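Dropping query35.tsv in here (TSV, N, CA and C atoms):
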chain	number	residue	atom	x	y	z
A	1	MET	N	-72.59	53.67	-223.77
A	1	MET	CA	-71.68	53.10	-222.80
A	1	MET	C	-71.32	51.68	-223.24
A	2	GLU	N	-70.04	51.37	-223.16
A	2	GLU	CA	-69.57	50.05	-223.56
A	2	GLU	C	-69.11	49.27	-222.34
A	3	ASN	N	-69.21	47.97	-222.45
A	3	ASN	CA	-68.81	47.09	-221.37
A	3	ASN	C	-67.65	46.23	-221.87
A	4	PHE	N	-66.52	46.30	-221.21
A	4	PHE	CA	-65.36	45.51	-221.59
A	4	PHE	C	-65.10	44.44	-220.55
A	5	ILE	N	-64.71	43.28	-221.04
A	5	ILE	CA	-64.33	42.19	-220.16
A	5	ILE	C	-62.90	41.79	-220.53
A	6	TYR	N	-62.00	41.83	-219.58
A	6	TYR	CA	-60.62	41.47	-219.82
A	6	TYR	C	-60.41	40.02	-219.37
A	7	ILE	N	-59.83	39.24	-220.25
A	7	ILE	CA	-59.61	37.82	-219.97
A	7	ILE	C	-58.12	37.54	-220.09
A	8	PRO	N	-57.45	37.18	-219.00
A	8	PRO	CA	-56.04	36.81	-219.10
A	8	PRO	C	-55.90	35.50	-219.87
A	9	LEU	N	-55.27	35.56	-221.01
A	9	LEU	CA	-55.20	34.39	-221.89
A	9	LEU	C	-54.40	33.24	-221.28
A	10	ASP	N	-53.39	33.55	-220.49
A	10	ASP	CA	-52.63	32.46	-219.88
A	10	ASP	C	-53.47	31.67	-218.88
A	11	ILE	N	-54.32	32.37	-218.14
A	11	ILE	CA	-55.22	31.69	-217.20
A	11	ILE	C	-56.28	30.92	-217.97
A	12	PHE	N	-56.81	31.52	-219.03
A	12	PHE	CA	-57.82	30.85	-219.85
A	12	PHE	C	-57.25	29.56	-220.43
A	13	ARG	N	-56.01	29.63	-220.93
A	13	ARG	CA	-55.38	28.46	-221.54
A	13	ARG	C	-55.19	27.34	-220.54
A	14	ASP	N	-54.87	27.69	-219.30
A	14	ASP	CA	-54.60	26.68	-218.28
A	14	ASP	C	-55.86	26.00	-217.74
A	15	MET	N	-57.02	26.58	-218.03
A	15	MET	CA	-58.27	25.97	-217.57
A	15	MET	C	-58.65	24.82	-218.52
A	16	PRO	N	-59.14	23.71	-217.98
A	16	PRO	CA	-59.54	22.60	-218.86
A	16	PRO	C	-60.81	22.95	-219.65
A	17	HIS	N	-60.79	22.61	-220.95
A	17	HIS	CA	-61.95	22.86	-221.82
A	17	HIS	C	-62.26	21.58	-222.59
A	18	ASN	N	-63.36	20.94	-222.23
A	18	ASN	CA	-63.78	19.76	-223.00
A	18	ASN	C	-64.41	20.18	-224.31
A	19	THR	N	-65.28	21.15	-224.25
A	19	THR	CA	-65.90	21.71	-225.45
A	19	THR	C	-65.87	23.22	-225.32
A	20	PHE	N	-65.96	23.91	-226.44
A	20	PHE	CA	-65.98	25.36	-226.39
A	20	PHE	C	-66.75	25.91	-227.58
A	21	ASN	N	-67.31	27.11	-227.39
A	21	ASN	CA	-68.03	27.77	-228.47
A	21	ASN	C	-67.04	28.57	-229.32
A	22	GLU	N	-67.55	29.29	-230.30
A	22	GLU	CA	-66.65	29.99	-231.23
A	22	GLU	C	-65.83	31.07	-230.53
A	23	LEU	N	-66.45	31.80	-229.61
A	23	LEU	CA	-65.71	32.83	-228.88
A	23	LEU	C	-64.57	32.21	-228.07
A	24	GLU	N	-64.86	31.12	-227.40
A	24	GLU	CA	-63.82	30.44	-226.63
A	24	GLU	C	-62.76	29.87	-227.56
A	25	ALA	N	-63.16	29.44	-228.76
A	25	ALA	CA	-62.18	28.95	-229.74
A	25	ALA	C	-61.21	30.07	-230.13
A	26	TRP	N	-61.75	31.27	-230.31
A	26	TRP	CA	-60.88	32.42	-230.63
A	26	TRP	C	-59.89	32.67	-229.49
A	27	LEU	N	-60.38	32.62	-228.27
A	27	LEU	CA	-59.49	32.83	-227.12
A	27	LEU	C	-58.43	31.74	-227.05
A	28	TYR	N	-58.85	30.53	-227.28
A	28	TYR	CA	-57.93	29.39	-227.26
A	28	TYR	C	-56.90	29.54	-228.39
A	29	PHE	N	-57.37	29.98	-229.55
A	29	PHE	CA	-56.49	30.19	-230.71
A	29	PHE	C	-55.44	31.25	-230.39
A	30	LEU	N	-55.85	32.32	-229.74
A	30	LEU	CA	-54.92	33.39	-229.40
A	30	LEU	C	-53.99	33.02	-228.26
A	31	ALA	N	-54.45	32.15	-227.36
A	31	ALA	CA	-53.68	31.83	-226.17
A	31	ALA	C	-52.71	30.67	-226.36
A	32	SER	N	-52.95	29.82	-227.30
A	32	SER	CA	-52.16	28.60	-227.40
A	32	SER	C	-51.34	28.57	-228.68
A	33	ASP	N	-50.20	27.92	-228.60
A	33	ASP	CA	-49.39	27.74	-229.81
A	33	ASP	C	-48.95	26.28	-229.99
A	34	THR	N	-49.54	25.39	-229.21
A	34	THR	CA	-49.17	23.98	-229.36
A	34	THR	C	-49.96	23.38	-230.53
A	35	PRO	N	-49.33	22.53	-231.29
A	35	PRO	CA	-50.01	21.91	-232.44
A	35	PRO	C	-51.28	21.15	-232.05
A	36	GLU	N	-51.26	20.51	-230.89
A	36	GLU	CA	-52.43	19.74	-230.46
A	36	GLU	C	-53.64	20.66	-230.27
A	37	ASP	N	-53.41	21.79	-229.63
A	37	ASP	CA	-54.50	22.73	-229.40
A	37	ASP	C	-55.02	23.30	-230.71
A	38	ILE	N	-54.11	23.64	-231.60
A	38	ILE	CA	-54.50	24.23	-232.89
A	38	ILE	C	-55.29	23.20	-233.71
A	39	LEU	N	-54.84	21.94	-233.71
A	39	LEU	CA	-55.57	20.90	-234.45
A	39	LEU	C	-56.96	20.68	-233.86
A	40	ARG	N	-57.06	20.78	-232.55
A	40	ARG	CA	-58.37	20.62	-231.90
A	40	ARG	C	-59.32	21.75	-232.33
A	41	ILE	N	-58.81	22.96	-232.37
A	41	ILE	CA	-59.63	24.10	-232.80
A	41	ILE	C	-60.05	23.94	-234.26
A	42	ILE	N	-59.10	23.58	-235.11
A	42	ILE	CA	-59.39	23.44	-236.54
A	42	ILE	C	-60.39	22.32	-236.79
A	43	SER	N	-60.32	21.25	-236.00
A	43	SER	CA	-61.25	20.14	-236.22
A	43	SER	C	-62.69	20.56	-235.92
A	44	ILE	N	-62.87	21.50	-234.99
A	44	ILE	CA	-64.21	21.96	-234.65
A	44	ILE	C	-64.63	23.14	-235.53
A	45	TYR	N	-63.68	24.06	-235.76
A	45	TYR	CA	-63.95	25.26	-236.57
A	45	TYR	C	-62.93	25.33	-237.70
A	46	PRO	N	-63.24	24.76	-238.87
A	46	PRO	CA	-62.27	24.65	-239.97
A	46	PRO	C	-61.75	25.99	-240.51
A	47	PHE	N	-62.49	27.08	-240.32
A	47	PHE	CA	-62.03	28.35	-240.89
A	47	PHE	C	-60.75	28.85	-240.21
A	48	PHE	N	-60.40	28.29	-239.05
A	48	PHE	CA	-59.15	28.67	-238.39
A	48	PHE	C	-57.93	28.15	-239.15
A	49	GLN	N	-58.14	27.18	-240.01
A	49	GLN	CA	-57.02	26.61	-240.76
A	49	GLN	C	-56.35	27.66	-241.63
A	50	LYS	N	-57.16	28.49	-242.30
A	50	LYS	CA	-56.60	29.54	-243.15
A	50	LYS	C	-55.79	30.53	-242.32
A	51	LEU	N	-56.29	30.86	-241.14
A	51	LEU	CA	-55.56	31.77	-240.26
A	51	LEU	C	-54.22	31.18	-239.83
A	52	CYS	N	-54.25	29.90	-239.50
A	52	CYS	CA	-53.01	29.22	-239.10
A	52	CYS	C	-52.00	29.22	-240.23
A	53	LYS	N	-52.47	28.97	-241.45
A	53	LYS	CA	-51.57	28.98	-242.61
A	53	LYS	C	-50.96	30.37	-242.80
A	54	ASN	N	-51.77	31.40	-242.62
A	54	ASN	CA	-51.25	32.77	-242.76
A	54	ASN	C	-50.19	33.05	-241.71
A	55	ILE	N	-50.43	32.62	-240.48
A	55	ILE	CA	-49.46	32.86	-239.41
A	55	ILE	C	-48.16	32.12	-239.69
A	56	VAL	N	-48.26	30.87	-240.12
A	56	VAL	CA	-47.06	30.10	-240.45
A	56	VAL	C	-46.32	30.77	-241.60
A	57	ASN	N	-47.06	31.24	-242.60
A	57	ASN	CA	-46.44	31.92	-243.73
A	57	ASN	C	-45.71	33.18	-243.27
A	58	PHE	N	-46.29	33.92	-242.33
A	58	PHE	CA	-45.63	35.12	-241.82
A	58	PHE	C	-44.36	34.78	-241.05
A	59	ARG	N	-44.39	33.64	-240.37
A	59	ARG	CA	-43.19	33.22	-239.64
A	59	ARG	C	-42.03	32.96	-240.59
A	60	TYR	N	-42.32	32.33	-241.73
A	60	TYR	CA	-41.26	31.95	-242.66
A	60	TYR	C	-41.04	32.98	-243.75
A	61	ASN	N	-41.93	33.93	-243.86
A	61	ASN	CA	-41.80	34.98	-244.88
A	61	ASN	C	-42.13	36.33	-244.23
A	62	PRO	N	-41.25	36.82	-243.35
A	62	PRO	CA	-41.56	38.05	-242.61
A	62	PRO	C	-41.64	39.29	-243.51
A	63	LYS	N	-41.05	39.22	-244.70
A	63	LYS	CA	-41.09	40.39	-245.59
A	63	LYS	C	-42.53	40.74	-245.96
A	64	GLU	N	-43.35	39.72	-246.15
A	64	GLU	CA	-44.75	39.96	-246.50
A	64	GLU	C	-45.48	40.66	-245.35
A	65	MET	N	-45.19	40.23	-244.11
A	65	MET	CA	-45.83	40.85	-242.97
A	65	MET	C	-45.36	42.30	-242.82
A	66	VAL	N	-44.08	42.55	-243.03
A	66	VAL	CA	-43.56	43.91	-242.95
A	66	VAL	C	-44.20	44.77	-244.04
A	67	ALA	N	-44.39	44.20	-245.22
A	67	ALA	CA	-45.03	44.94	-246.32
A	67	ALA	C	-46.47	45.28	-245.95
A	68	MET	N	-47.19	44.33	-245.36
A	68	MET	CA	-48.57	44.60	-244.94
A	68	MET	C	-48.60	45.68	-243.86
A	69	TYR	N	-47.66	45.60	-242.93
A	69	TYR	CA	-47.59	46.60	-241.86
A	69	TYR	C	-47.26	47.98	-242.45
A	70	SER	N	-46.33	48.02	-243.40
A	70	SER	CA	-45.98	49.29	-244.05
A	70	SER	C	-47.17	49.86	-244.80
A	71	GLU	N	-47.93	49.00	-245.46
A	71	GLU	CA	-49.12	49.46	-246.19
A	71	GLU	C	-50.16	50.01	-245.21
A	72	ALA	N	-50.34	49.35	-244.08
A	72	ALA	CA	-51.29	49.84	-243.08
A	72	ALA	C	-50.85	51.20	-242.54
A	73	LEU	N	-49.55	51.36	-242.29
A	73	LEU	CA	-49.04	52.65	-241.83
A	73	LEU	C	-49.23	53.73	-242.88
A	74	SER	N	-49.03	53.36	-244.13
A	74	SER	CA	-49.22	54.31	-245.23
A	74	SER	C	-50.67	54.78	-245.30
A	75	ILE	N	-51.59	53.85	-245.15
A	75	ILE	CA	-53.02	54.21	-245.16
A	75	ILE	C	-53.34	55.11	-243.98
A	76	MET	N	-52.80	54.78	-242.82
A	76	MET	CA	-53.03	55.62	-241.64
A	76	MET	C	-52.47	57.02	-241.85
A	77	ASP	N	-51.28	57.11	-242.47
A	77	ASP	CA	-50.68	58.41	-242.74
A	77	ASP	C	-51.55	59.23	-243.68
A	78	ARG	N	-52.06	58.59	-244.74
A	78	ARG	CA	-52.93	59.31	-245.68
A	78	ARG	C	-54.19	59.81	-244.98
A	79	ASN	N	-54.78	58.97	-244.15
A	79	ASN	CA	-55.98	59.37	-243.42
A	79	ASN	C	-55.69	60.52	-242.46
A	80	THR	N	-54.52	60.47	-241.82
A	80	THR	CA	-54.13	61.55	-240.91
A	80	THR	C	-53.95	62.85	-241.68
A	81	VAL	N	-53.31	62.77	-242.84
A	81	VAL	CA	-53.11	63.97	-243.67
A	81	VAL	C	-54.46	64.54	-244.10
A	82	LYS	N	-55.37	63.67	-244.54
A	82	LYS	CA	-56.70	64.14	-244.95
A	82	LYS	C	-57.42	64.80	-243.78
A	83	TYR	N	-57.32	64.21	-242.61
A	83	TYR	CA	-57.97	64.78	-241.42
A	83	TYR	C	-57.38	66.15	-241.10
A	84	MET	N	-56.05	66.25	-241.14
A	84	MET	CA	-55.40	67.51	-240.81
A	84	MET	C	-55.73	68.59	-241.85
A	85	ILE	N	-55.80	68.21	-243.11
A	85	ILE	CA	-56.18	69.16	-244.14
A	85	ILE	C	-57.59	69.66	-243.89
A	86	GLY	N	-58.50	68.78	-243.55
A	86	GLY	CA	-59.87	69.17	-243.22
A	86	GLY	C	-59.92	70.12	-242.05
A	87	GLU	N	-59.13	69.82	-241.02
A	87	GLU	CA	-59.06	70.70	-239.85
A	87	GLU	C	-58.52	72.07	-240.22
A	88	LEU	N	-57.47	72.10	-241.05
A	88	LEU	CA	-56.89	73.38	-241.47
A	88	LEU	C	-57.87	74.18	-242.33
A	89	LYS	N	-58.61	73.50	-243.19
A	89	LYS	CA	-59.61	74.19	-244.02
A	89	LYS	C	-60.68	74.82	-243.14
A	90	GLU	N	-61.13	74.10	-242.13
A	90	GLU	CA	-62.15	74.62	-241.21
A	90	GLU	C	-61.60	75.83	-240.45
A	91	GLU	N	-60.36	75.72	-239.99
A	91	GLU	CA	-59.74	76.83	-239.28
A	91	GLU	C	-59.59	78.05	-240.19
A	92	LEU	N	-59.19	77.82	-241.43
A	92	LEU	CA	-59.06	78.91	-242.41
A	92	LEU	C	-60.41	79.57	-242.66
A	93	LYS	N	-61.44	78.77	-242.79
A	93	LYS	CA	-62.79	79.30	-243.02
A	93	LYS	C	-63.21	80.19	-241.85
A	94	GLN	N	-62.96	79.73	-240.63
A	94	GLN	CA	-63.32	80.53	-239.45
A	94	GLN	C	-62.53	81.83	-239.40
A	95	GLN	N	-61.25	81.77	-239.76
A	95	GLN	CA	-60.43	82.97	-239.76
A	95	GLN	C	-60.88	83.95	-240.84
A	96	GLN	N	-61.29	83.43	-242.00
A	96	GLN	CA	-61.80	84.30	-243.06
A	96	GLN	C	-63.09	84.98	-242.63
A	97	GLU	N	-63.98	84.25	-241.97
A	97	GLU	CA	-65.22	84.84	-241.47
A	97	GLU	C	-64.92	85.92	-240.43
A	98	GLU	N	-63.99	85.65	-239.55
A	98	GLU	CA	-63.61	86.63	-238.54
A	98	GLU	C	-62.98	87.86	-239.19
A	99	ASN	N	-62.18	87.62	-240.23
A	99	ASN	CA	-61.55	88.72	-240.97
A	99	ASN	C	-62.61	89.61	-241.61
A	100	LEU	N	-63.64	89.00	-242.21
A	100	LEU	CA	-64.71	89.79	-242.83
A	100	LEU	C	-65.44	90.63	-241.78
A	101	LYS	N	-65.70	90.06	-240.63
A	101	LYS	CA	-66.36	90.80	-239.55
A	101	LYS	C	-65.51	91.99	-239.11
A	102	LEU	N	-64.20	91.75	-238.98
A	102	LEU	CA	-63.31	92.83	-238.56
A	102	LEU	C	-63.23	93.92	-239.63
A	103	GLN	N	-63.23	93.54	-240.91
A	103	GLN	CA	-63.20	94.53	-241.98
A	103	GLN	C	-64.47	95.39	-241.96
A	104	GLU	N	-65.60	94.76	-241.72
A	104	GLU	CA	-66.86	95.51	-241.62
A	104	GLU	C	-66.81	96.46	-240.43
A	105	GLU	N	-66.27	95.99	-239.31
A	105	GLU	CA	-66.15	96.84	-238.13
A	105	GLU	C	-65.22	98.01	-238.40
A	106	ILE	N	-64.13	97.76	-239.13
A	106	ILE	CA	-63.20	98.83	-239.49
A	106	ILE	C	-63.91	99.88	-240.34
A	107	LYS	N	-64.72	99.43	-241.32
A	107	LYS	CA	-65.45	100.37	-242.17
A	107	LYS	C	-66.40	101.24	-241.34
A	108	VAL	N	-67.10	100.62	-240.39
A	108	VAL	CA	-68.02	101.37	-239.53
A	108	VAL	C	-67.24	102.40	-238.71
A	109	LEU	N	-66.11	101.98	-238.14
A	109	LEU	CA	-65.30	102.89	-237.33
A	109	LEU	C	-64.72	104.02	-238.18
A	110	GLN	N	-64.30	103.69	-239.43
A	110	GLN	CA	-63.78	104.73	-240.32
A	110	GLN	C	-64.88	105.74	-240.65
A	111	GLY	N	-66.09	105.26	-240.85
A	111	GLY	CA	-67.23	106.16	-241.09
A	111	GLY	C	-67.47	107.05	-239.89
A	112	GLN	N	-67.38	106.50	-238.69
A	112	GLN	CA	-67.57	107.30	-237.48
A	112	GLN	C	-66.46	108.34	-237.34
A	113	ILE	N	-65.23	107.96	-237.68
A	113	ILE	CA	-64.12	108.91	-237.60
A	113	ILE	C	-64.33	110.05	-238.59
A	114	LYS	N	-64.74	109.73	-239.82
A	114	LYS	CA	-65.00	110.77	-240.83
A	114	LYS	C	-66.10	111.70	-240.35
A	115	ALA	N	-67.14	111.11	-239.77
A	115	ALA	CA	-68.24	111.93	-239.29
A	115	ALA	C	-67.78	112.86	-238.18
A	116	LEU	N	-66.94	112.37	-237.29
A	116	LEU	CA	-66.42	113.23	-236.22
A	116	LEU	C	-65.49	114.31	-236.74
A	117	LEU	N	-64.71	113.98	-237.80
A	117	LEU	CA	-63.81	114.98	-238.36
A	117	LEU	C	-64.57	116.04	-239.15
A	118	THR	N	-65.63	115.67	-239.82
A	118	THR	CA	-66.41	116.66	-240.60
A	118	THR	C	-67.35	117.43	-239.73
A	119	HIS	N	-67.86	116.88	-238.67
A	119	HIS	CA	-68.76	117.54	-237.74
A	119	HIS	C	-68.25	117.35	-236.32
A	120	PRO	N	-67.23	118.08	-235.91
A	120	PRO	CA	-66.63	117.90	-234.61
A	120	PRO	C	-67.55	118.26	-233.44
A	121	GLU	N	-68.61	119.03	-233.66
A	121	GLU	CA	-69.49	119.44	-232.56
A	121	GLU	C	-70.41	118.34	-232.08
A	122	LYS	N	-70.62	117.28	-232.82
A	122	LYS	CA	-71.53	116.21	-232.41
A	122	LYS	C	-70.95	115.35	-231.38

Translate this file's structure into structure tokens.
Amino acid sequence: MENFIYIPLDIFRDMPHNTFNELEAWLYFLASDTPEDILRIISIYPFFQKLCKNIVNFRYNPKEMVAMYSEALSIMDRNTVKYMIGELKEELKQQQEENLKLQEEIKVLQGQIKALLTHPEK
């Protein structure tokens, strides 16, 4: 069982924060787009600087973001195809097993029919 907590980012952003931990920094990073807030986050947690640079780069170079999105969709498509092939193989295997059972049943019934035709009194 999982526990989810939903936090409205606009309400979180509007609350005053003198200090914050890394989780709150992530929320602040996601909720705010003012340079002052971003600089405050980066000054406390420098690894956010690389993320900010990537976001700015995506704003000015959307082709790269579209390419990344296309690549992600391509990977998802390949995974979906692999999953569906696996499902079809399993279904085929089950149908082949059922087919073998039915063929064996047909042979038994054919034997019974022959026996009845050769010895009708039984």

Please provide as an NGL selection string all residues within 6 Å of range 22-38 of chain A, with the sequence filter that same-chain residues fewer than 4 positions apart are discarded (counting all atoms listed in the file). :A and (9-10 or 13 or 42-43)

Separation of atom C of Ser70 in chain A and atom C of Pro46 in chain A, in Å? 28.3 Å

Which residue, A:Ile106, A:Glu87, A:Ile44, A:Ile5, has the smallest gap to Phe20 in chain A when you use only C-alpha atoms? A:Ile44

For the atom pair atom C of Asn57 in chain A and atom N of Glu71 in chain A, what is the interatomic distance in Å to one decimal place?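 The value is 16.1 Å.
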
From chain A, collect each residue whose DSSP state is alpha helix (DSSP H) and return the set as an NGL selection string. :A and (9-14 or 22-31 or 35-44 or 48-60 or 62-118)

Would you work out the distance separating CA of Pro16 in chain A from CA of Leu39 in chain A, expressed in Å to one decimal?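 Going from CA of Pro16 in chain A over to CA of Leu39 in chain A covers 16.2 Å.
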